[in-house]
$ cat entry27.cif   # mmCIF, C-alpha atoms, pLDDT in the B column; chains and numbers go by the auth columns
data_data
#
loop_
_atom_site.group_PDB
_atom_site.id
_atom_site.type_symbol
_atom_site.label_atom_id
_atom_site.label_comp_id
_atom_site.label_asym_id
_atom_site.label_seq_id
_atom_site.Cartn_x
_atom_site.Cartn_y
_atom_site.Cartn_z
_atom_site.B_iso_or_equiv
_atom_site.auth_seq_id
_atom_site.auth_asym_id
ATOM 1 C CA MET A 1 6.421 338.028 9.397 56.00 1 N
ATOM 2 C CA LYS A 2 7.963 337.640 5.948 52.00 2 N
ATOM 3 C CA GLU A 3 11.369 338.663 7.301 57.00 3 N
ATOM 4 C CA LYS A 4 11.162 336.071 10.090 54.00 4 N
ATOM 5 C CA HIS A 5 10.050 333.433 7.596 51.00 5 N
ATOM 6 C CA HIS A 6 13.009 334.188 5.314 54.00 6 N
ATOM 7 C CA LYS A 7 15.413 334.038 8.278 56.00 7 N
ATOM 8 C CA HIS A 8 13.970 330.649 9.278 55.00 8 N
ATOM 9 C CA GLU A 9 14.404 329.308 5.740 61.00 9 N
ATOM 10 C CA HIS A 10 17.950 330.641 5.610 57.00 10 N
ATOM 11 C CA ARG A 11 18.851 328.930 8.891 65.00 11 N
ATOM 12 C CA LEU A 12 17.239 325.709 7.718 60.00 12 N
ATOM 13 C CA ARG A 13 19.213 325.785 4.469 66.00 13 N
ATOM 14 C CA ARG A 14 22.429 326.479 6.379 68.00 14 N
ATOM 15 C CA CYS A 15 21.679 323.577 8.739 68.00 15 N
ATOM 16 C CA CYS A 16 20.955 321.173 5.858 66.00 16 N
ATOM 17 C CA GLY A 17 24.022 322.357 3.972 66.00 17 N
ATOM 18 C CA GLY A 18 26.198 321.849 7.035 68.00 18 N
ATOM 19 C CA PHE A 19 24.793 318.372 7.608 69.00 19 N
ATOM 20 C CA ALA A 20 25.369 317.433 3.946 70.00 20 N
ATOM 21 C CA ALA A 21 28.936 318.758 4.124 73.00 21 N
ATOM 22 C CA CYS A 22 29.649 316.735 7.280 78.00 22 N
ATOM 23 C CA LEU A 23 28.164 313.600 5.724 78.00 23 N
ATOM 24 C CA LEU A 24 30.242 314.062 2.561 77.00 24 N
ATOM 25 C CA ALA A 25 33.376 314.624 4.624 76.00 25 N
ATOM 26 C CA LEU A 26 32.693 311.435 6.589 80.00 26 N
ATOM 27 C CA VAL A 27 32.203 309.427 3.397 74.00 27 N
ATOM 28 C CA LEU A 28 35.434 310.819 1.956 76.00 28 N
ATOM 29 C CA ILE A 29 37.350 310.005 5.140 74.00 29 N
ATOM 30 C CA VAL A 30 36.066 306.415 5.166 67.00 30 N
ATOM 31 C CA ALA A 31 36.861 305.975 1.464 67.00 31 N
ATOM 32 C CA PHE A 32 40.323 307.482 1.900 65.00 32 N
ATOM 33 C CA THR A 33 41.037 305.225 4.894 64.00 33 N
ATOM 34 C CA ALA A 34 39.921 302.149 2.963 61.00 34 N
ATOM 35 C CA LEU A 35 42.142 303.168 0.033 60.00 35 N
ATOM 36 C CA VAL A 36 45.148 303.676 2.320 59.00 36 N
ATOM 37 C CA VAL A 37 44.586 300.278 3.941 58.00 37 N
ATOM 38 C CA TYR A 38 44.204 298.614 0.541 57.00 38 N
ATOM 39 C CA LEU A 39 47.345 300.228 -0.885 52.00 39 N
ATOM 40 C CA ALA A 40 49.365 299.544 2.269 53.00 40 N
ATOM 41 C CA LEU A 41 48.497 295.844 2.367 57.00 41 N
ATOM 42 C CA ARG A 42 48.235 295.324 -1.416 74.00 42 N
ATOM 43 C CA PRO A 43 46.145 292.123 -1.417 87.00 43 N
ATOM 44 C CA THR A 44 47.497 289.398 -3.675 92.00 44 N
ATOM 45 C CA LYS A 45 45.041 287.395 -5.770 94.00 45 N
ATOM 46 C CA PRO A 46 44.455 283.813 -4.589 97.00 46 N
ATOM 47 C CA THR A 47 46.285 281.087 -6.486 97.00 47 N
ATOM 48 C CA PHE A 48 44.427 278.137 -8.029 98.00 48 N
ATOM 49 C CA PHE A 49 45.588 274.623 -8.914 98.00 49 N
ATOM 50 C CA LEU A 50 43.790 271.908 -10.844 98.00 50 N
ATOM 51 C CA GLN A 51 44.589 268.699 -8.965 98.00 51 N
ATOM 52 C CA ASP A 52 42.488 266.229 -10.953 97.00 52 N
ATOM 53 C CA LEU A 53 39.900 265.868 -13.692 97.00 53 N
ATOM 54 C CA GLN A 54 38.024 262.612 -14.256 95.00 54 N
ATOM 55 C CA LEU A 55 36.208 262.519 -17.560 93.00 55 N
ATOM 56 C CA ARG A 56 33.336 260.103 -17.001 93.00 56 N
ATOM 57 C CA SER A 57 31.431 260.242 -20.276 92.00 57 N
ATOM 58 C CA ILE A 58 31.043 262.067 -23.565 91.00 58 N
ATOM 59 C CA HIS A 59 28.221 261.791 -26.068 90.00 59 N
ATOM 60 C CA LEU A 60 28.444 263.555 -29.413 87.00 60 N
ATOM 61 C CA GLY A 61 25.199 264.604 -31.037 83.00 61 N
ATOM 62 C CA ASP A 62 24.586 266.594 -34.232 75.00 62 N
ATOM 63 C CA PRO A 63 25.796 269.214 -33.471 80.00 63 N
ATOM 64 C CA SER A 64 25.761 268.980 -29.675 88.00 64 N
ATOM 65 C CA LEU A 65 27.823 267.467 -26.909 90.00 65 N
ATOM 66 C CA SER A 66 26.919 265.880 -23.583 93.00 66 N
ATOM 67 C CA ALA A 67 29.672 265.374 -21.021 94.00 67 N
ATOM 68 C CA THR A 68 30.183 264.551 -17.348 96.00 68 N
ATOM 69 C CA ALA A 69 33.374 265.209 -15.430 96.00 69 N
ATOM 70 C CA GLN A 70 34.515 265.596 -11.839 97.00 70 N
ATOM 71 C CA VAL A 71 37.206 268.158 -11.110 98.00 71 N
ATOM 72 C CA THR A 72 39.311 268.672 -7.999 98.00 72 N
ATOM 73 C CA LEU A 73 40.273 272.300 -7.689 97.00 73 N
ATOM 74 C CA ALA A 74 42.351 273.921 -4.935 98.00 74 N
ATOM 75 C CA SER A 75 42.830 277.579 -4.059 98.00 75 N
ATOM 76 C CA ARG A 76 45.286 279.197 -1.659 98.00 76 N
ATOM 77 C CA ASN A 77 45.166 282.624 -0.067 98.00 77 N
ATOM 78 C CA PRO A 78 48.789 283.865 -0.164 97.00 78 N
ATOM 79 C CA ASN A 79 48.141 286.915 2.034 96.00 79 N
ATOM 80 C CA ASP A 80 49.371 287.155 5.631 93.00 80 N
ATOM 81 C CA ARG A 81 46.885 289.815 6.764 91.00 81 N
ATOM 82 C CA VAL A 82 44.108 289.759 4.180 94.00 82 N
ATOM 83 C CA GLY A 83 41.204 287.300 4.087 96.00 83 N
ATOM 84 C CA VAL A 84 39.203 286.429 0.976 97.00 84 N
ATOM 85 C CA PHE A 85 35.426 286.255 0.719 97.00 85 N
ATOM 86 C CA TYR A 86 34.369 284.103 -2.240 97.00 86 N
ATOM 87 C CA ARG A 87 30.941 285.602 -2.890 96.00 87 N
ATOM 88 C CA ARG A 88 30.284 283.640 -6.097 96.00 88 N
ATOM 89 C CA LEU A 89 32.231 280.959 -7.960 97.00 89 N
ATOM 90 C CA ASP A 90 30.839 279.330 -11.119 98.00 90 N
ATOM 91 C CA VAL A 91 32.850 276.380 -12.491 98.00 91 N
ATOM 92 C CA PHE A 92 32.544 274.901 -15.976 98.00 92 N
ATOM 93 C CA VAL A 93 34.598 273.063 -18.598 98.00 93 N
ATOM 94 C CA THR A 94 35.417 274.271 -22.096 97.00 94 N
ATOM 95 C CA TYR A 95 36.894 272.628 -25.168 96.00 95 N
ATOM 96 C CA ARG A 96 38.384 274.816 -27.884 94.00 96 N
ATOM 97 C CA ASP A 97 36.867 277.884 -26.186 93.00 97 N
ATOM 98 C CA GLU A 98 33.344 276.437 -26.229 94.00 98 N
ATOM 99 C CA PRO A 99 31.556 275.403 -22.996 95.00 99 N
ATOM 100 C CA VAL A 100 30.867 271.666 -22.811 95.00 100 N
ATOM 101 C CA THR A 101 29.296 271.677 -19.311 96.00 101 N
ATOM 102 C CA VAL A 102 26.897 274.082 -17.656 96.00 102 N
ATOM 103 C CA PRO A 103 28.241 276.284 -14.822 97.00 103 N
ATOM 104 C CA VAL A 104 28.033 274.844 -11.298 97.00 104 N
ATOM 105 C CA SER A 105 27.923 277.366 -8.444 97.00 105 N
ATOM 106 C CA LEU A 106 30.166 276.646 -5.464 97.00 106 N
ATOM 107 C CA PRO A 107 28.884 277.721 -2.027 95.00 107 N
ATOM 108 C CA PRO A 108 30.041 281.176 -0.821 96.00 108 N
ATOM 109 C CA MET A 109 32.813 280.949 1.768 96.00 109 N
ATOM 110 C CA TYR A 110 35.547 282.837 3.626 98.00 110 N
ATOM 111 C CA GLN A 111 39.206 281.893 3.230 98.00 111 N
ATOM 112 C CA GLY A 112 41.558 282.944 6.012 97.00 112 N
ATOM 113 C CA HIS A 113 45.183 284.019 5.831 95.00 113 N
ATOM 114 C CA ARG A 114 47.357 281.424 4.086 96.00 114 N
ATOM 115 C CA ASP A 115 44.454 278.957 4.051 98.00 115 N
ATOM 116 C CA VAL A 116 43.899 276.330 1.349 98.00 116 N
ATOM 117 C CA THR A 117 40.449 275.293 0.109 98.00 117 N
ATOM 118 C CA ILE A 118 39.616 272.275 -2.051 97.00 118 N
ATOM 119 C CA TRP A 119 36.465 271.719 -4.111 98.00 119 N
ATOM 120 C CA SER A 120 35.420 268.585 -6.047 98.00 120 N
ATOM 121 C CA PRO A 121 32.271 269.429 -8.014 98.00 121 N
ATOM 122 C CA VAL A 122 30.728 267.156 -10.626 98.00 122 N
ATOM 123 C CA LEU A 123 30.209 269.092 -13.860 98.00 123 N
ATOM 124 C CA SER A 124 27.879 268.008 -16.626 96.00 124 N
ATOM 125 C CA GLY A 125 26.136 269.264 -19.700 95.00 125 N
ATOM 126 C CA GLU A 126 23.239 267.684 -21.573 92.00 126 N
ATOM 127 C CA SER A 127 23.052 268.332 -25.330 92.00 127 N
ATOM 128 C CA VAL A 128 25.161 271.485 -25.137 93.00 128 N
ATOM 129 C CA PRO A 129 25.165 273.145 -28.590 92.00 129 N
ATOM 130 C CA VAL A 130 28.625 273.232 -30.196 91.00 130 N
ATOM 131 C CA ALA A 131 29.934 274.020 -33.652 90.00 131 N
ATOM 132 C CA GLY A 132 30.259 271.062 -36.003 88.00 132 N
ATOM 133 C CA TYR A 133 34.039 271.369 -36.207 90.00 133 N
ATOM 134 C CA VAL A 134 34.255 271.233 -32.397 91.00 134 N
ATOM 135 C CA ALA A 135 32.419 267.895 -32.272 89.00 135 N
ATOM 136 C CA ASP A 136 34.659 266.553 -35.078 91.00 136 N
ATOM 137 C CA ALA A 137 37.801 267.745 -33.281 94.00 137 N
ATOM 138 C CA MET A 138 36.686 266.144 -30.013 92.00 138 N
ATOM 139 C CA ARG A 139 36.029 262.846 -31.782 90.00 139 N
ATOM 140 C CA GLN A 140 39.453 262.908 -33.414 93.00 140 N
ATOM 141 C CA ASP A 141 41.268 263.869 -30.208 94.00 141 N
ATOM 142 C CA ILE A 142 39.642 261.102 -28.200 91.00 142 N
ATOM 143 C CA ALA A 143 40.423 258.568 -30.925 90.00 143 N
ATOM 144 C CA ALA A 144 44.049 259.758 -30.841 92.00 144 N
ATOM 145 C CA GLY A 145 44.141 259.445 -27.054 93.00 145 N
ATOM 146 C CA TYR A 146 45.010 263.070 -26.269 94.00 146 N
ATOM 147 C CA VAL A 147 42.471 265.725 -25.208 96.00 147 N
ATOM 148 C CA VAL A 148 43.083 269.234 -23.822 97.00 148 N
ATOM 149 C CA LEU A 149 40.247 270.797 -21.830 97.00 149 N
ATOM 150 C CA GLN A 150 40.015 273.993 -19.821 98.00 150 N
ATOM 151 C CA VAL A 151 38.426 274.267 -16.372 98.00 151 N
ATOM 152 C CA LYS A 152 37.120 277.816 -15.935 98.00 152 N
ATOM 153 C CA VAL A 153 36.032 279.646 -12.782 98.00 153 N
ATOM 154 C CA ASP A 154 34.048 282.873 -13.024 98.00 154 N
ATOM 155 C CA GLY A 155 33.250 284.628 -9.764 97.00 155 N
ATOM 156 C CA ARG A 156 33.300 287.592 -7.415 97.00 156 N
ATOM 157 C CA VAL A 157 35.541 288.087 -4.363 97.00 157 N
ATOM 158 C CA LYS A 158 35.941 290.573 -1.515 96.00 158 N
ATOM 159 C CA TRP A 159 38.991 291.346 0.622 94.00 159 N
ATOM 160 C CA LYS A 160 38.759 291.408 4.423 93.00 160 N
ATOM 161 C CA VAL A 161 41.231 293.237 6.676 89.00 161 N
ATOM 162 C CA GLY A 162 40.192 293.166 10.322 86.00 162 N
ATOM 163 C CA SER A 163 36.582 294.340 10.349 89.00 163 N
ATOM 164 C CA TRP A 164 36.903 296.161 7.026 88.00 164 N
ATOM 165 C CA VAL A 165 35.523 294.439 3.920 91.00 165 N
ATOM 166 C CA SER A 166 36.207 295.762 0.421 90.00 166 N
ATOM 167 C CA GLY A 167 33.855 296.044 -2.486 90.00 167 N
ATOM 168 C CA SER A 168 33.287 293.144 -4.860 94.00 168 N
ATOM 169 C CA TYR A 169 35.926 292.295 -7.472 94.00 169 N
ATOM 170 C CA HIS A 170 35.690 290.059 -10.528 96.00 170 N
ATOM 171 C CA LEU A 171 37.762 286.867 -10.538 96.00 171 N
ATOM 172 C CA PHE A 172 38.363 284.714 -13.600 97.00 172 N
ATOM 173 C CA VAL A 173 40.412 281.511 -13.463 98.00 173 N
ATOM 174 C CA SER A 174 41.518 279.251 -16.315 98.00 174 N
ATOM 175 C CA CYS A 175 43.114 275.844 -15.701 98.00 175 N
ATOM 176 C CA PRO A 176 44.450 273.642 -18.525 98.00 176 N
ATOM 177 C CA ALA A 177 43.614 269.943 -18.201 97.00 177 N
ATOM 178 C CA VAL A 178 45.551 267.484 -20.361 97.00 178 N
ATOM 179 C CA LEU A 179 44.141 263.965 -20.624 96.00 179 N
ATOM 180 C CA ALA A 180 45.993 261.182 -22.379 96.00 180 N
ATOM 181 C CA ALA A 181 45.691 257.453 -22.970 90.00 181 N
ATOM 182 C CA GLY A 182 47.936 255.117 -20.980 74.00 182 N
ATOM 183 C CA PRO A 183 50.828 253.071 -22.365 65.00 183 N
ATOM 184 C CA GLY A 184 48.373 250.468 -23.650 52.00 184 N
ATOM 185 C CA GLY A 185 46.875 252.941 -26.078 52.00 185 N
ATOM 186 C CA MET A 186 43.315 254.096 -26.590 47.00 186 N
ATOM 187 C CA SER A 187 40.480 251.613 -26.983 45.00 187 N
ATOM 188 C CA THR A 188 37.780 253.998 -28.114 43.00 188 N
ATOM 189 C CA SER A 189 34.362 252.673 -29.021 43.00 189 N
ATOM 190 C CA LEU A 190 31.696 254.615 -30.838 42.00 190 N
ATOM 191 C CA ALA A 191 28.155 253.367 -30.598 35.00 191 N
ATOM 192 C CA GLY A 192 24.649 254.488 -31.246 35.00 192 N
ATOM 193 C CA SER A 193 24.433 255.499 -34.907 36.00 193 N
ATOM 194 C CA ALA A 194 25.020 254.213 -38.374 32.00 194 N
ATOM 195 C CA GLY A 195 28.321 255.142 -39.881 36.00 195 N
ATOM 196 C CA GLY A 196 29.845 255.910 -36.495 41.00 196 N
ATOM 197 C CA LEU A 197 29.315 259.651 -36.834 43.00 197 N
ATOM 198 C CA ASN A 198 27.510 260.166 -33.557 53.00 198 N
ATOM 199 C CA GLY A 199 27.177 258.315 -30.284 62.00 199 N
ATOM 200 C CA SER A 200 28.857 257.622 -26.959 71.00 200 N
ATOM 201 C CA LEU A 201 32.628 257.657 -26.785 70.00 201 N
ATOM 202 C CA SER A 202 34.410 255.422 -24.293 73.00 202 N
ATOM 203 C CA VAL A 203 36.829 257.625 -22.350 83.00 203 N
ATOM 204 C CA ALA A 204 37.931 255.135 -19.699 81.00 204 N
ATOM 205 C CA SER A 205 41.507 255.126 -21.024 86.00 205 N
ATOM 206 C CA LEU A 206 41.874 258.916 -20.817 93.00 206 N
ATOM 207 C CA LYS A 207 43.661 259.938 -17.617 94.00 207 N
ATOM 208 C CA PHE A 208 44.548 263.333 -16.190 96.00 208 N
ATOM 209 C CA THR A 209 48.294 263.681 -16.706 95.00 209 N
ATOM 210 C CA GLN A 210 49.449 265.942 -13.851 93.00 210 N
ATOM 211 C CA PRO A 211 48.311 268.775 -11.540 95.00 211 N
ATOM 212 C CA THR A 212 48.547 272.172 -13.224 95.00 212 N
ATOM 213 C CA GLY A 213 48.673 275.776 -12.122 96.00 213 N
ATOM 214 C CA CYS A 214 45.939 278.127 -13.253 98.00 214 N
ATOM 215 C CA THR A 215 45.962 281.679 -14.551 97.00 215 N
ATOM 216 C CA VAL A 216 44.022 284.116 -12.365 97.00 216 N
ATOM 217 C CA GLY A 217 42.682 287.378 -13.708 91.00 217 N
ATOM 218 C CA THR A 218 40.309 290.075 -12.467 80.00 218 N
#
$ encode --input "entry27.cif" --output "C-alpha cells"
Amino acid sequence: MKEKHHKHEHRLRRCCGGFAACLLALVLIVAFTALVVYLALRPTKPTFFLQDLQLRSIHLGDPSLSATAQVTLASRNPNDRVGVFYRRLDVFVTYRDEPVTVPVSLPPMYQGHRDVTIWSPVLSGESVPVAGYVADAMRQDIAAGYVVLQVKVDGRVKWKVGSWVSGSYHLFVSCPAVLAAGPGGMSTSLAGSAGGLNGSLSVASLKFTQPTGCTVGT
C-alpha cells in the first residue's frame, strides 16, 4: 500500500510540475510576443500643444494664492498603427514650480491612429499654500504685465495594437504659458487690504501670447 501511495504522489507531482512548466512557457511566449510587437512598432509618445490659457482671477493671501484659469490643451497621436489609451490625466497649473491650482482629472479615453483630441478644463485653486516669495513674485510680475505659468499633465497611458494592449506607462507633460499685457499696458488694481499687500489682482489685461509646444516625458 505504501509503495502504491508513493507512486501516486510521484505521478501527482509530475503532473503538477508539467502543468506549471506549460503555464510558465505560455506566459513567456505571450510576454515575448508582446515585446517583439512593441519593439517592431516602437510606439511614439503623443505630442501635446497648449492652444490657450485664460487667466480669470488671482487672489493673493498671506501666504496663499487663489486662482482660476481655463486652458485649451490638444494632444495628437503620431502613430500609424498604435492607439493610445489615456487611463488617467490630471491637469494643473504651476508658477515658479509651485502648484497654484488643484489637479483636475480628465475623463479616460482612447485616441486612434493620427487622431487629435482637445480638452478645455477650468482649473482653480482656493487658498493654495505658497511660499512668501512666490506670492511677492506673482504680484510683481502681474504689475509688470508679464507672467509665465506652466500647465502640467500627470497621467498614465497604455498602447493598443490590434487586440493587444500594453501595460500602463507614466506620462508627464509640461507646457509653458506666457501671458503679457497688450499695447495699452497693464492696469492692475489691488484691493481688499490696507497697504495693498494682499487682495484681488485684476488680470483682464493679461493675454496668452501664442500656442506653445509641450515637453512630454515618461
$ residues_around --input "entry27.cif" --residues "Pro176 of chain N" --least-positions-apart "4" --cutoff "7 Å" --atoms "only C-alpha atoms" --output "MDAnalysis selection string"
chainID N and resid 149:151 212
$ resolve_selection --input "entry27.cif" --expression "the PyMOL selection byres ((chain N and resi 94-105) around 9)" --output "MDAnalysis selection string"
chainID N and resid 64:69 88:93 106:108 121:131 134 137:138 147:154
$ resolve_selection --input "entry27.cif" --expression "the PyMOL selection byres ((chain N and resi 210) around 9)" --output "number ranges by chain"
N: 50-52, 177-179, 208-209, 211-212
$ resolve_selection --input "entry27.cif" --expression "the PyMOL selection byres ((chain N and resi 59) around 8)" --output "count of residues only"
11
$ atom_distance --input "entry27.cif" --atom1 "atom CA of His170 of chain N" --atom2 "atom CA of Gly155 of chain N"
6.0 Å
$ closest_residue --input "entry27.cif" --among "N:Ser202, N:Thr215, N:Gln140, N:Ser168" --to "Leu55 of chain N" --atoms "only C-alpha atoms"
N:Ser202
$ closest_residue --input "entry27.cif" --among "N:Tyr133, N:Tyr110, N:Tyr146, N:Trp159" --to "Ala180 of chain N" --atoms "all atoms listed in the file"
N:Tyr146
$ atom_distance --input "entry27.cif" --atom1 "atom CA of Ser174 of chain N" --atom2 "atom CA of Gly112 of chain N"
22.6 Å
$ closest_atom_pairs --input "entry27.cif" --of "segment 126-181 of chain N" --to "segment 80-85 of chain N" --cutoff "8 Å" --atoms "all atoms listed in the file" --output "JSON lines"
{"residue": "N:Val157", "atom": "CA", "partner": "N:Phe85", "partner_atom": "CA", "distance": 5.4}
{"residue": "N:Lys158", "atom": "CA", "partner": "N:Phe85", "partner_atom": "CA", "distance": 4.9}
{"residue": "N:Trp159", "atom": "CA", "partner": "N:Val84", "partner_atom": "CA", "distance": 4.9}
{"residue": "N:Lys160", "atom": "CA", "partner": "N:Gly83", "partner_atom": "CA", "distance": 4.8}
{"residue": "N:Val161", "atom": "CA", "partner": "N:Val82", "partner_atom": "CA", "distance": 5.2}
$ atom_distance --input "entry27.cif" --atom1 "atom CA of Val116 of chain N" --atom2 "atom CA of Arg87 of chain N"
16.5 Å
$ closest_residue --input "entry27.cif" --among "N:Pro78, N:Gly217, N:Pro63, N:Pro43" --to "Leu171 of chain N" --atoms "all atoms listed in the file"
N:Gly217
$ residues_near_point --input "entry27.cif" --point "(39.3, 258.9, -19.8)" --cutoff "7 Å" --atoms "all atoms listed in the file" --output "VMD selection string"
chain N and resid 54 to 56 203 to 207
$ write_last_selection --input "entry27.cif" --atoms "C-alpha atoms" --output "tab-separated table (two decimals), in the frame of the given file"
chain	number	residue	atom	x	y	z
N	54	GLN	CA	38.02	262.61	-14.26
N	55	LEU	CA	36.21	262.52	-17.56
N	56	ARG	CA	33.34	260.10	-17.00
N	203	VAL	CA	36.83	257.62	-22.35
N	204	ALA	CA	37.93	255.14	-19.70
N	205	SER	CA	41.51	255.13	-21.02
N	206	LEU	CA	41.87	258.92	-20.82
N	207	LYS	CA	43.66	259.94	-17.62
$ closest_residue --input "entry27.cif" --among "N:Tyr169, N:Ala135, N:Gly145, N:Phe48" --to "Thr117 of chain N" --atoms "all atoms listed in the file"
N:Phe48
$ closest_residue --input "entry27.cif" --among "N:Met109, N:Leu53, N:Ile29, N:Ala20" --to "Cys175 of chain N" --atoms "only C-alpha atoms"
N:Leu53
